[in-house]
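The file data-v1.txt comes next; it holds compact mmCIF, C-alpha atoms.
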```txt
# COMPACT_ATOMS: atom_id res chain seq x y z
CA MET X 1 96.93 -102.22 -94.98
CA MET X 2 99.40 -101.07 -97.64
CA ASP X 3 102.22 -100.08 -95.27
CA LYS X 4 105.39 -102.07 -94.59
CA ALA X 5 104.81 -102.70 -90.89
CA ASP X 6 104.38 -106.47 -91.15
CA THR X 7 107.28 -107.09 -93.54
CA PRO X 8 109.94 -109.35 -91.98
CA PRO X 9 112.81 -107.32 -90.44
CA GLY X 10 115.50 -106.39 -92.94
CA LYS X 11 113.35 -107.12 -96.00
CA VAL X 12 111.83 -104.38 -98.13
CA PRO X 13 108.67 -105.57 -99.90
CA LEU X 14 108.76 -105.77 -103.69
CA ALA X 15 106.91 -102.94 -105.41
CA VAL X 16 104.37 -104.55 -107.75
CA VAL X 17 102.55 -103.22 -110.79
CA LEU X 18 99.62 -105.44 -111.76
CA VAL X 19 98.73 -105.43 -115.46
CA GLY X 20 95.09 -106.51 -115.78
CA ILE X 21 92.65 -106.42 -112.87
CA ALA X 22 89.70 -108.28 -114.44
CA GLY X 23 89.54 -112.03 -115.11
CA MET X 24 92.70 -113.72 -113.87
CA GLY X 25 94.05 -110.30 -113.01
CA GLY X 26 91.20 -109.96 -110.52
CA VAL X 27 92.41 -113.13 -108.78
CA TYR X 28 95.88 -111.64 -108.41
CA LEU X 29 94.39 -108.35 -107.22
CA ARG X 30 92.40 -110.00 -104.42
CA ALA X 31 95.46 -111.95 -103.34
CA LEU X 32 97.59 -108.79 -103.27
CA LEU X 33 94.96 -106.82 -101.37
CA ASP X 34 94.36 -109.64 -98.86
CA ARG X 35 97.94 -110.76 -98.24
CA VAL X 36 100.17 -107.93 -99.32
CA LYS X 37 101.92 -107.47 -95.96
CA ALA X 38 102.53 -111.17 -95.42
CA GLY X 39 103.66 -111.87 -98.98
CA GLY X 40 106.70 -109.61 -99.16
CA VAL X 41 105.06 -107.52 -101.88
CA ARG X 42 103.41 -104.11 -102.10
CA LEU X 43 100.94 -103.11 -104.82
CA VAL X 44 102.02 -99.70 -106.13
CA ALA X 45 99.87 -99.44 -109.27
CA ALA X 46 97.44 -101.24 -111.56
CA VAL X 47 97.11 -101.13 -115.33
CA GLU X 48 93.69 -101.73 -116.87
CA PRO X 49 92.03 -100.11 -119.92
CA HIS X 50 88.57 -101.19 -118.68
CA PRO X 51 88.62 -100.84 -114.85
CA GLU X 52 84.83 -100.96 -114.67
CA ARG X 53 85.07 -104.74 -115.29
CA CYS X 54 86.96 -105.26 -112.01
CA PRO X 55 84.76 -106.50 -109.10
CA ASP X 56 87.24 -105.12 -106.55
CA LEU X 57 87.68 -101.69 -108.11
CA GLY X 58 86.15 -100.08 -105.00
CA ARG X 59 88.78 -101.61 -102.71
CA LEU X 60 91.53 -100.46 -105.06
CA LEU X 61 90.25 -96.88 -105.17
CA LEU X 62 89.80 -96.81 -101.39
CA LEU X 63 93.50 -97.56 -101.00
CA ASP X 64 94.46 -94.82 -103.48
CA VAL X 65 96.35 -97.25 -105.70
CA PRO X 66 97.11 -95.38 -108.96
CA LEU X 67 95.38 -96.75 -112.03
CA PHE X 68 96.85 -96.48 -115.54
CA LYS X 69 95.34 -97.22 -118.96
CA ASN X 70 98.49 -98.90 -120.30
CA LEU X 71 101.91 -100.06 -119.14
CA GLU X 72 103.76 -97.36 -121.10
CA ASP X 73 101.93 -94.64 -119.14
CA PHE X 74 102.85 -96.32 -115.87
CA TYR X 75 106.57 -96.47 -116.66
CA ALA X 76 106.53 -92.85 -117.86
CA ARG X 77 105.50 -91.79 -114.35
CA ARG X 78 106.36 -94.56 -111.88
CA GLY X 79 108.54 -97.62 -111.33
CA ALA X 80 108.30 -101.06 -109.76
CA ASP X 81 110.35 -104.15 -108.91
CA LEU X 82 107.92 -106.77 -110.21
CA ALA X 83 105.37 -106.64 -113.03
CA ILE X 84 102.55 -109.17 -112.92
CA ILE X 85 101.20 -109.58 -116.46
CA ALA X 86 97.61 -110.86 -116.37
CA SER X 87 96.49 -109.37 -119.67
CA PRO X 88 95.15 -111.22 -122.76
CA ILE X 89 97.51 -113.67 -124.50
CA HIS X 90 98.43 -111.37 -127.40
CA PHE X 91 99.82 -108.71 -125.01
CA HIS X 92 102.07 -111.03 -123.01
CA CYS X 93 105.18 -110.77 -125.16
CA ASP X 94 105.30 -107.00 -125.66
CA GLN X 95 104.40 -106.22 -122.04
CA THR X 96 106.90 -108.71 -120.63
CA CYS X 97 109.68 -107.32 -122.83
CA LEU X 98 108.79 -103.74 -121.85
CA ALA X 99 108.81 -104.59 -118.13
CA LEU X 100 112.19 -106.30 -118.49
CA GLU X 101 113.59 -103.29 -120.36
CA ARG X 102 112.46 -101.10 -117.43
CA GLY X 103 114.38 -103.30 -114.98
CA ASN X 104 111.46 -105.30 -113.58
CA HIS X 105 111.19 -108.96 -112.80
CA VAL X 106 108.05 -110.46 -114.40
CA LEU X 107 105.38 -112.95 -113.43
CA CYS X 108 103.43 -113.55 -116.65
CA GLU X 109 100.24 -115.58 -116.72
CA LYS X 110 100.07 -118.70 -118.85
CA PRO X 111 100.62 -119.25 -121.70
CA PRO X 112 103.79 -117.14 -122.03
CA ALA X 113 102.70 -116.06 -125.53
CA ALA X 114 100.82 -117.35 -128.55
CA THR X 115 103.88 -118.32 -130.63
CA VAL X 116 107.35 -119.78 -130.19
CA GLN X 117 108.97 -116.76 -131.86
CA GLU X 118 107.42 -114.52 -129.22
CA VAL X 119 108.60 -116.75 -126.37
CA ARG X 120 112.11 -116.74 -127.80
CA ARG X 121 111.98 -112.96 -128.04
CA MET X 122 110.99 -112.87 -124.35
CA ILE X 123 113.92 -115.15 -123.47
CA GLU X 124 116.31 -112.82 -125.30
CA ALA X 125 114.85 -109.80 -123.46
CA GLN X 126 115.26 -111.58 -120.14
CA GLU X 127 118.89 -112.41 -120.89
CA ARG X 128 119.62 -108.77 -121.76
CA ALA X 129 117.89 -107.47 -118.63
CA GLY X 130 119.39 -110.00 -116.22
CA LYS X 131 116.02 -110.28 -114.45
CA GLN X 132 113.81 -113.25 -113.60
CA VAL X 133 110.63 -114.27 -115.43
CA ALA X 134 108.11 -116.76 -114.05
CA ILE X 135 105.17 -118.15 -116.01
CA GLY X 136 101.96 -118.73 -114.06
CA TYR X 137 101.52 -122.47 -114.55
CA GLN X 138 100.48 -122.91 -110.93
CA TRP X 139 100.77 -126.72 -110.93
CA SER X 140 104.52 -126.34 -111.45
CA PHE X 141 104.81 -124.44 -108.17
CA SER X 142 102.71 -126.88 -106.13
CA ALA X 143 104.28 -129.11 -103.49
CA ALA X 144 102.59 -132.16 -105.05
CA ILE X 145 104.02 -131.66 -108.54
CA GLN X 146 107.44 -130.72 -107.20
CA ALA X 147 107.53 -133.92 -105.11
CA LEU X 148 106.42 -135.99 -108.10
CA LYS X 149 108.99 -134.37 -110.37
CA ASN X 150 111.77 -134.98 -107.83
CA ASP X 151 110.86 -138.69 -107.78
CA ILE X 152 110.81 -138.86 -111.58
CA ILE X 153 114.22 -137.19 -111.79
CA ALA X 154 115.57 -139.56 -109.12
CA GLY X 155 114.33 -142.58 -111.09
CA VAL X 156 111.89 -143.74 -108.41
CA LEU X 157 109.16 -144.31 -111.02
CA GLY X 158 111.43 -145.72 -113.72
CA THR X 159 111.49 -144.79 -117.40
CA PRO X 160 108.57 -142.63 -118.64
CA ARG X 161 106.54 -144.42 -121.30
CA ARG X 162 103.18 -142.76 -121.96
CA LEU X 163 101.48 -139.76 -120.37
CA ARG X 164 97.76 -139.25 -121.08
CA CYS X 165 95.30 -136.56 -120.03
CA LEU X 166 91.55 -136.14 -120.59
CA TYR X 167 89.73 -132.96 -119.63
CA LEU X 168 86.10 -132.24 -120.58
CA TRP X 169 84.77 -128.87 -119.44
CA PRO X 170 81.52 -127.56 -121.03
CA ARG X 171 81.50 -123.78 -121.55
CA ASP X 172 78.56 -121.66 -122.68
CA GLU X 173 78.09 -118.64 -124.96
CA ALA X 174 78.91 -116.28 -122.12
CA TYR X 175 82.38 -117.82 -121.89
CA TYR X 176 83.11 -116.97 -125.52
CA GLN X 177 81.41 -113.57 -125.30
CA ARG X 178 83.17 -112.43 -122.11
CA ASN X 179 85.80 -110.48 -124.08
CA ASP X 180 86.83 -109.69 -127.66
CA TRP X 181 89.53 -112.40 -127.96
CA ALA X 182 88.01 -115.63 -126.59
CA GLY X 183 88.15 -118.39 -129.21
CA LYS X 184 90.07 -116.16 -131.64
CA ARG X 185 93.10 -117.11 -133.74
CA SER X 186 94.25 -113.50 -134.12
CA ASP X 187 93.11 -109.96 -133.45
CA GLY X 188 92.25 -107.14 -135.84
CA ARG X 189 95.89 -106.07 -136.04
CA GLY X 190 97.04 -109.54 -137.07
CA ARG X 191 98.57 -110.45 -133.71
CA TRP X 192 98.31 -114.16 -132.93
CA ILE X 193 96.08 -115.13 -130.01
CA LEU X 194 95.43 -118.86 -130.61
CA ASP X 195 92.96 -119.04 -127.73
CA SER X 196 91.69 -122.58 -127.16
CA PRO X 197 91.05 -125.08 -124.36
CA ALA X 198 94.67 -126.26 -124.68
CA ASN X 199 96.07 -122.71 -124.60
CA ASN X 200 93.89 -121.34 -121.83
CA ALA X 201 91.62 -123.25 -119.45
CA MET X 202 93.38 -126.62 -119.80
CA ALA X 203 96.85 -125.29 -120.63
CA HIS X 204 98.09 -126.36 -117.19
CA ASP X 205 97.22 -129.97 -117.92
CA LEU X 206 99.12 -130.10 -121.20
CA HIS X 207 102.11 -128.17 -119.87
CA ASN X 208 102.37 -130.43 -116.81
CA MET X 209 103.14 -133.52 -118.90
CA PHE X 210 106.16 -131.79 -120.41
CA TYR X 211 107.14 -130.23 -117.10
CA VAL X 212 107.28 -133.37 -114.96
CA LEU X 213 109.56 -134.98 -117.58
CA GLY X 214 112.06 -132.12 -117.44
CA ARG X 215 115.50 -133.20 -116.28
CA THR X 216 115.80 -130.37 -113.75
CA ARG X 217 113.45 -128.32 -111.57
CA GLU X 218 113.47 -125.44 -114.06
CA THR X 219 113.08 -127.35 -117.35
CA SER X 220 110.50 -129.30 -119.35
CA ALA X 221 110.95 -132.09 -121.87
CA LEU X 222 110.87 -130.73 -125.42
CA PRO X 223 108.39 -132.14 -127.95
CA TRP X 224 109.98 -133.25 -131.21
CA ARG X 225 106.92 -134.24 -133.25
CA VAL X 226 103.16 -133.80 -132.95
CA GLU X 227 99.97 -134.75 -134.77
CA ALA X 228 96.65 -133.20 -133.82
CA GLU X 229 92.96 -133.23 -134.62
CA LEU X 230 91.15 -129.93 -134.04
CA TYR X 231 87.37 -129.54 -134.04
CA ARG X 232 84.70 -127.00 -133.16
CA ALA X 233 80.98 -126.91 -132.40
CA ASN X 234 80.88 -123.27 -131.27
CA PRO X 235 80.84 -120.35 -133.77
CA ILE X 236 84.45 -119.35 -133.05
CA GLU X 237 87.63 -118.96 -135.13
CA ASN X 238 89.74 -121.56 -133.38
CA PHE X 239 88.96 -125.01 -131.99
CA ASP X 240 86.95 -125.97 -128.89
CA THR X 241 88.00 -129.64 -129.01
CA ILE X 242 91.46 -131.16 -129.43
CA ALA X 243 93.09 -134.58 -129.52
CA LEU X 244 96.85 -134.76 -129.99
CA ARG X 245 99.73 -137.19 -129.85
CA CYS X 246 103.23 -135.94 -129.20
CA GLN X 247 106.62 -137.57 -128.79
CA VAL X 248 109.18 -135.93 -126.54
CA GLU X 249 112.93 -136.15 -126.25
CA GLY X 250 113.74 -139.50 -124.66
CA GLY X 251 110.93 -141.26 -126.53
CA ALA X 252 107.94 -140.93 -124.17
CA GLU X 253 104.52 -140.43 -125.75
CA ILE X 254 102.09 -137.70 -124.69
CA LEU X 255 98.37 -137.86 -125.47
CA PHE X 256 96.00 -135.00 -124.71
CA TYR X 257 92.22 -134.82 -125.13
CA ALA X 258 90.25 -131.69 -124.17
CA SER X 259 86.92 -130.13 -125.07
CA HIS X 260 84.57 -127.29 -124.22
CA ALA X 261 81.87 -128.93 -126.39
CA ALA X 262 81.29 -132.16 -124.45
CA CYS X 263 78.21 -132.56 -122.28
CA ARG X 264 80.11 -134.01 -119.28
CA ASP X 265 82.47 -132.21 -116.88
CA THR X 266 85.24 -134.60 -115.92
CA GLY X 267 87.77 -132.25 -114.43
CA PRO X 268 91.34 -133.30 -115.24
CA VAL X 269 91.85 -137.05 -115.55
CA PHE X 270 95.34 -138.30 -116.20
CA SER X 271 97.50 -141.40 -116.27
CA TYR X 272 101.30 -141.14 -116.44
CA GLU X 273 102.80 -144.55 -117.14
CA PHE X 274 106.38 -145.35 -116.06
CA GLY X 275 108.46 -148.50 -115.95
CA GLU X 276 107.88 -148.95 -112.22
CA GLY X 277 104.31 -147.71 -111.83
CA THR X 278 101.58 -145.28 -112.83
CA VAL X 279 100.77 -141.78 -111.56
CA SER X 280 97.12 -140.80 -111.82
CA VAL X 281 94.39 -138.30 -111.02
CA SER X 282 90.67 -138.90 -111.53
CA GLY X 283 89.10 -135.48 -111.07
CA ARG X 284 89.42 -131.85 -110.06
CA ASP X 285 89.71 -132.36 -106.29
CA VAL X 286 91.48 -135.74 -106.30
CA PRO X 287 95.10 -135.92 -105.11
CA VAL X 288 97.93 -137.08 -107.34
CA ARG X 289 98.73 -140.71 -106.58
CA ALA X 290 101.40 -143.17 -107.66
CA ASP X 291 100.72 -146.91 -107.75
CA PHE X 292 103.86 -149.01 -108.10
CA LEU X 293 104.16 -152.42 -109.71
CA ASN X 294 105.31 -153.86 -106.38
CA GLY X 295 101.92 -153.03 -104.84
CA GLU X 296 102.99 -149.94 -102.91
CA GLY X 297 101.24 -146.59 -103.25
CA LEU X 298 102.20 -142.97 -102.65
CA VAL X 299 99.94 -139.90 -102.43
CA TYR X 300 101.55 -136.61 -103.46
CA GLY X 301 98.63 -134.26 -102.76
CA LEU X 302 96.53 -131.87 -104.85
CA ALA X 303 98.16 -130.51 -107.97
CA ASP X 304 96.09 -127.32 -107.85
CA GLY X 305 95.64 -126.97 -104.09
CA GLU X 306 97.41 -123.58 -103.83
CA PRO X 307 96.83 -121.64 -107.06
CA LEU X 308 98.51 -118.42 -105.83
CA LYS X 309 101.58 -120.15 -104.37
CA LYS X 310 103.32 -119.15 -107.63
CA LEU X 311 103.15 -115.49 -106.60
CA TRP X 312 104.50 -115.89 -103.10
CA ASP X 313 107.15 -118.39 -104.21
CA PHE X 314 108.32 -116.10 -106.98
CA ALA X 315 108.60 -113.15 -104.59
CA GLY X 316 110.88 -115.35 -102.48
CA ASP X 317 112.83 -116.47 -105.54
CA ILE X 318 113.52 -112.85 -106.49
CA SER X 319 114.78 -112.07 -102.99
CA SER X 320 117.01 -115.16 -102.89
CA GLY X 321 118.17 -115.07 -106.51
CA ARG X 322 116.88 -118.57 -107.15
CA PRO X 323 115.32 -119.25 -110.58
CA PRO X 324 111.54 -119.85 -110.48
CA ALA X 325 110.13 -123.36 -110.73
CA CYS X 326 108.58 -122.49 -114.08
CA GLY X 327 110.17 -119.84 -116.25
CA LEU X 328 110.19 -119.17 -119.97
CA ALA X 329 112.38 -122.16 -120.85
CA ALA X 330 110.05 -124.57 -119.04
CA ALA X 331 106.93 -122.99 -120.57
CA LEU X 332 108.24 -123.09 -124.15
CA SER X 333 107.35 -126.78 -124.63
CA GLN X 334 103.60 -126.19 -124.37
CA THR X 335 103.72 -123.31 -126.86
CA LEU X 336 105.90 -125.31 -129.26
CA CYS X 337 103.55 -128.29 -129.09
CA LEU X 338 100.43 -126.20 -129.72
CA ASN X 339 101.98 -124.23 -132.58
CA GLY X 340 102.74 -127.60 -134.17
CA ALA X 341 99.21 -128.78 -133.40
CA GLN X 342 97.71 -125.76 -135.19
CA ASP X 343 99.97 -126.48 -138.17
CA SER X 344 98.96 -130.15 -138.05
CA MET X 345 95.36 -129.19 -138.85
CA PRO X 346 95.35 -125.55 -140.03
CA ASP X 347 91.70 -125.77 -141.15
CA ILE X 348 89.58 -126.55 -138.09
CA ARG X 349 87.05 -129.34 -138.74
CA GLU X 350 83.42 -128.51 -137.99
CA PHE X 351 81.38 -131.12 -136.16
CA PRO X 352 78.40 -132.16 -138.33
CA PRO X 353 75.40 -129.94 -137.45
CA SER X 354 73.25 -133.06 -137.03
CA ILE X 355 75.13 -134.08 -133.86
CA VAL X 356 75.49 -130.61 -132.28
CA ARG X 357 72.97 -129.84 -129.54
CA ARG X 358 72.38 -126.23 -128.44
CA GLU X 359 70.56 -125.80 -125.13
CA GLY X 360 69.84 -123.04 -122.63
CA ASP X 361 68.70 -119.45 -122.57
CA PRO X 362 70.07 -116.90 -125.08
CA GLY X 363 73.48 -115.71 -123.96
CA LYS X 364 74.03 -118.83 -121.88
CA ARG X 365 73.45 -121.55 -124.47
CA THR X 366 75.86 -124.45 -124.57
CA ALA X 367 76.87 -126.28 -127.71
CA SER X 368 77.53 -129.96 -127.03
CA VAL X 369 78.33 -132.74 -129.46
CA GLU X 370 76.30 -135.91 -129.18
CA GLY X 371 78.50 -138.79 -128.03
CA LEU X 372 81.66 -136.67 -127.78
CA SER X 373 82.23 -137.34 -124.08
CA GLU X 374 82.11 -141.07 -124.70
CA ALA X 375 84.25 -140.82 -127.85
CA LEU X 376 87.07 -138.86 -126.20
CA THR X 377 86.94 -141.13 -123.14
CA GLU X 378 87.33 -144.14 -125.42
CA CYS X 379 90.25 -142.48 -127.19
CA TYR X 380 91.88 -141.72 -123.85
CA GLU X 381 91.48 -145.30 -122.66
CA THR X 382 92.82 -146.81 -125.90
CA SER X 383 95.51 -144.15 -126.61
CA LEU X 384 94.01 -143.46 -130.05
CA LEU X 385 93.12 -140.28 -131.88
CA PRO X 386 89.46 -139.96 -133.00
CA SER X 387 90.27 -140.63 -136.67
CA GLU X 388 92.17 -143.79 -135.66
CA ALA X 389 89.20 -144.92 -133.57
CA GLY X 390 86.96 -144.63 -136.63
CA PHE X 391 84.52 -141.88 -135.60
CA GLY X 392 82.67 -140.60 -138.65
CA TRP X 393 83.16 -136.92 -137.85
CA ALA X 394 86.91 -137.28 -137.39
CA GLY X 395 89.82 -136.69 -139.74
CA PRO X 396 93.60 -136.95 -139.31
CA GLY X 397 96.08 -134.12 -139.06
CA ARG X 398 99.56 -134.31 -140.51
CA VAL X 399 102.61 -135.14 -138.41
CA VAL X 400 104.68 -132.01 -137.73
CA ASP X 401 108.41 -132.11 -137.02
CA LEU X 402 109.24 -129.80 -134.11
CA SER X 403 112.96 -130.55 -133.86
CA SER X 404 113.93 -127.43 -135.82
CA TYR X 405 110.66 -125.48 -135.57
CA GLN X 406 111.39 -121.75 -135.62
CA SER X 407 108.21 -119.79 -136.22
CA PHE X 408 104.42 -120.10 -136.34
CA PRO X 409 102.90 -120.69 -138.79
CA SER X 410 105.56 -123.01 -140.13
CA ASP X 411 106.52 -123.89 -143.67
CA ALA X 412 104.45 -127.08 -144.10
CA SER X 413 106.78 -128.53 -146.71
CA LYS X 414 109.77 -128.28 -144.35
CA ASN X 415 108.10 -129.50 -141.16
CA SER X 416 105.73 -132.21 -142.37
CA ILE X 417 106.69 -135.85 -141.74
CA PRO X 418 105.33 -138.38 -144.28
```
Could the structure of this file be written out as structure tokens, please?
Amino acid sequence: MMDKADTPPGKVPLAVVLVGIAGMGGVYLRALLDRVKAGGVRLVAAVEPHPERCPDLGRLLLLDVPLFKNLEDFYARRGADLAIIASPIHFHCDQTCLALERGNHVLCEKPPAATVQEVRRMIEAQERAGKQVAIGYQWSFSAAIQALKNDIIAGVLGTPRRLRCLYLWPRDEAYYQRNDWAGKRSDGRGRWILDSPANNAMAHDLHNMFYVLGRTRETSALPWRVEAELYRANPIENFDTIALRCQVEGGAEILFYASHAACRDTGPVFSYEFGEGTVSVSGRDVPVRADFLNGEGLVYGLADGEPLKKLWDFAGDISSGRPPACGLAAALSQTLCLNGAQDSMPDIREFPPSIVRREGDPGKRTASVEGLSEALTECYETSLLPSEAGFGWAGPGRVVDLSSYQSFPSDASKNSIP
């Protein structure tokens, strides 16, 4: 299965080292094992400090794929063309920079890193290496989002006005106990993690609003100010619930509401309002649709219909020399927005214990906030933040200027807008 027999004539498959084979890394591993000959890639090694967590470890060992504890050990003994970084957030920057220094192209999972200073360091490393870096925001690689973005760039939908997204996704104790960094702001060495719904499970949905407003295929609109409200019901360091308002270059408004502590699972719901119509989605398996003011409609397809298309597309991009649909520059907007959001409310607000419900068996209990699903839905429909809507548990964050934002955490006195 691992030979080159089925590679198209004249093309040598890319040698791939996969960093992380549990969690999202396990998804990449299965894809590489199942489609390696058809995808123009060849798995030459895996890096994983805890291989016992990988469900497909047996398949990997059967194929005699070398396994290394860390990326440094791999490069001391072997080489590759492409490094796929599917490790925890706080390793993304260092591992991407190391892979670039060793002459590899990189596909790094989302988010690119926890902080803007790390992303900028990655951009500098990429420029020195002259290699390509893709970030695994799979919506950006989908045919549906590319078609929508092309229409936005061409002016088919008119001027962007307001983009809103609501995503409620209950998660239990096991979700936060699955590793040693879930829900954390930083690790024991002081490295920023900033794990949250908006920086992990629902990061695609926030990133996509910046991405579709980018003026080219490879860019996103940059946020220039943000205000956020951050809450938690779970016993974690960071927030499990967020509501934010952001303005981007060009003047469009972005509103984002997400929670792991609501009792209802909505899947992504969004409404992108333009001068000539509205683009919307009403659930996880619902196609992206545009409804124009003239009564016409257009269906683009599923935004997340091909989650591993990013891998195969990027392999083709490397061979052709074309930049990836979503690289570091396009991914920076989401990191910049969330760094500002954390600065907007540096002290996470606790939901009052009287409205937090904990249900289920030990280890699988869920913490849900009474009335939160309805409250965030109301905020989404009215384009308000919870404090503006008058909910008793809510409080406002400050407005953070992102136009000259350099490093997280920022100097509040320099970046706060009265």
As JSON, what would the box around range 63-67 of chain X look like: edges along x, y and z, 5 Å added on every side, centre and edge lengths in Å to one decimal?
```
{"center_x": 95.3, "center_y": -96.2, "center_z": -106.5, "size_x": 13.6, "size_y": 12.7, "size_z": 21.0}
```
Between X:Asn208, X:Ser220, X:Gln117, X:Thr377, which has the minimum distance to Ser333 in chain X (counting all atoms listed in the file)?
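Distance minimum relative to Ser333 in chain X lands on X:Ser220.
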Taking a cut-off of 10 Å and counting all atoms listed in the file, can you build a table that, for each residue of range 248-282 of chain X near range 339-357 of chain X, reports the nearest atom pair and how far apart they are in Å (one decimal), sorted by chain then residue number, as JSON lines?
```
{"residue": "X:Ala261", "atom": "CA", "partner": "X:Val356", "partner_atom": "CA", "distance": 8.8}
{"residue": "X:Ala262", "atom": "CA", "partner": "X:Val356", "partner_atom": "CA", "distance": 9.9}
{"residue": "X:Cys263", "atom": "CA", "partner": "X:Arg357", "partner_atom": "CA", "distance": 9.4}
```
Residue subset to file, keeping C-alpha atoms, as an mmCIF file, keeping the file's coordinate frame:
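New file part-v3.cif:
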```
data_model
loop_
_atom_site.group_PDB
_atom_site.id
_atom_site.type_symbol
_atom_site.label_atom_id
_atom_site.label_comp_id
_atom_site.auth_asym_id
_atom_site.auth_seq_id
_atom_site.Cartn_x
_atom_site.Cartn_y
_atom_site.Cartn_z
ATOM 1 C CA ALA X 261 81.870 -128.930 -126.390
ATOM 2 C CA ALA X 262 81.290 -132.160 -124.450
ATOM 3 C CA CYS X 263 78.210 -132.560 -122.280
#
```
Do a neighbour search on range 186-194 of chain X at 10 Å with all atoms listed in the file, toss out local chain neighbours closer than 3 positions, and write the hits as a CSV table (one decimal) with C-alpha atoms, keeping the file's coordinate frame.
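Contents of selection_20.csv, as written:
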```csv
chain,number,residue,atom,x,y,z
X,88,PRO,CA,95.2,-111.2,-122.8
X,89,ILE,CA,97.5,-113.7,-124.5
X,90,HIS,CA,98.4,-111.4,-127.4
X,91,PHE,CA,99.8,-108.7,-125.0
X,113,ALA,CA,102.7,-116.1,-125.5
X,114,ALA,CA,100.8,-117.4,-128.6
X,115,THR,CA,103.9,-118.3,-130.6
X,118,GLU,CA,107.4,-114.5,-129.2
X,180,ASP,CA,86.8,-109.7,-127.7
X,181,TRP,CA,89.5,-112.4,-128.0
X,182,ALA,CA,88.0,-115.6,-126.6
X,183,GLY,CA,88.2,-118.4,-129.2
X,197,PRO,CA,91.0,-125.1,-124.4
X,198,ALA,CA,94.7,-126.3,-124.7
X,199,ASN,CA,96.1,-122.7,-124.6
X,200,ASN,CA,93.9,-121.3,-121.8
X,237,GLU,CA,87.6,-119.0,-135.1
X,238,ASN,CA,89.7,-121.6,-133.4
X,239,PHE,CA,89.0,-125.0,-132.0
X,338,LEU,CA,100.4,-126.2,-129.7
X,339,ASN,CA,102.0,-124.2,-132.6
X,342,GLN,CA,97.7,-125.8,-135.2
X,408,PHE,CA,104.4,-120.1,-136.3
X,409,PRO,CA,102.9,-120.7,-138.8
```
Smallest atom-to-atom distance to Glu388 in chain X: which of X:Ala228, X:Ala125, X:Leu163, X:Leu336, using all atoms listed in the file?
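Among the listed residues, the smallest separation from Glu388 in chain X belongs to X:Ala228.
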Have a look at CA of Ser282 in chain X and CA of Ala243 in chain X and let me know their distance in Å, one decimal.
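Computing it gives 18.7 Å between the two atoms.
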Given the choices X:Ile153, X:Leu60, X:Ile242, X:Ala147, which gets closest to Leu168 in chain X if the distance is worked out from only C-alpha atoms?
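Of all the options, X:Ile242 lies closest to Leu168 in chain X.
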N, CA and C atoms modelled onto range 9-20 of chain X, as a PDB file, in the frame of the given file:
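The resulting file, rebuild-v2.pdb, is reproduced below:
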```
ATOM      1  N   PRO X   9     111.717-108.270 -90.666  1.00  0.00           N
ATOM      2  CA  PRO X   9     112.810-107.320 -90.440  1.00  0.00           C
ATOM      3  C   PRO X   9     113.912-107.477 -91.482  1.00  0.00           C
ATOM      4  N   GLY X  10     114.399-106.350 -91.988  1.00  0.00           N
ATOM      5  CA  GLY X  10     115.500-106.390 -92.940  1.00  0.00           C
ATOM      6  C   GLY X  10     115.086-106.612 -94.372  1.00  0.00           C
ATOM      7  N   LYS X  11     113.814-106.858 -94.637  1.00  0.00           N
ATOM      8  CA  LYS X  11     113.350-107.120 -96.000  1.00  0.00           C
ATOM      9  C   LYS X  11     112.389-106.022 -96.451  1.00  0.00           C
ATOM     10  N   VAL X  12     112.706-105.396 -97.555  1.00  0.00           N
ATOM     11  CA  VAL X  12     111.830-104.380 -98.130  1.00  0.00           C
ATOM     12  C   VAL X  12     110.895-105.075 -99.110  1.00  0.00           C
ATOM     13  N   PRO X  13     109.589-104.880 -98.988  1.00  0.00           N
ATOM     14  CA  PRO X  13     108.670-105.570 -99.900  1.00  0.00           C
ATOM     15  C   PRO X  13     108.868-105.130-101.341  1.00  0.00           C
ATOM     16  N   LEU X  14     108.641-106.055-102.269  1.00  0.00           N
ATOM     17  CA  LEU X  14     108.760-105.770-103.690  1.00  0.00           C
ATOM     18  C   LEU X  14     107.603-104.875-104.138  1.00  0.00           C
ATOM     19  N   ALA X  15     107.936-103.816-104.845  1.00  0.00           N
ATOM     20  CA  ALA X  15     106.910-102.940-105.410  1.00  0.00           C
ATOM     21  C   ALA X  15     106.344-103.596-106.661  1.00  0.00           C
ATOM     22  N   VAL X  16     105.025-103.788-106.688  1.00  0.00           N
ATOM     23  CA  VAL X  16     104.370-104.550-107.750  1.00  0.00           C
ATOM     24  C   VAL X  16     103.448-103.665-108.574  1.00  0.00           C
ATOM     25  N   VAL X  17     103.560-103.771-109.894  1.00  0.00           N
ATOM     26  CA  VAL X  17     102.550-103.220-110.790  1.00  0.00           C
ATOM     27  C   VAL X  17     101.788-104.398-111.380  1.00  0.00           C
ATOM     28  N   LEU X  18     100.476-104.363-111.263  1.00  0.00           N
ATOM     29  CA  LEU X  18      99.620-105.440-111.760  1.00  0.00           C
ATOM     30  C   LEU X  18      98.980-105.003-113.070  1.00  0.00           C
ATOM     31  N   VAL X  19      99.260-105.753-114.137  1.00  0.00           N
ATOM     32  CA  VAL X  19      98.730-105.430-115.460  1.00  0.00           C
ATOM     33  C   VAL X  19      97.534-106.329-115.732  1.00  0.00           C
ATOM     34  N   GLY X  20      96.343-105.762-115.651  1.00  0.00           N
ATOM     35  CA  GLY X  20      95.090-106.510-115.780  1.00  0.00           C
ATOM     36  C   GLY X  20      94.486-106.747-114.413  1.00  0.00           C
TER      37      GLY X  20
END
```
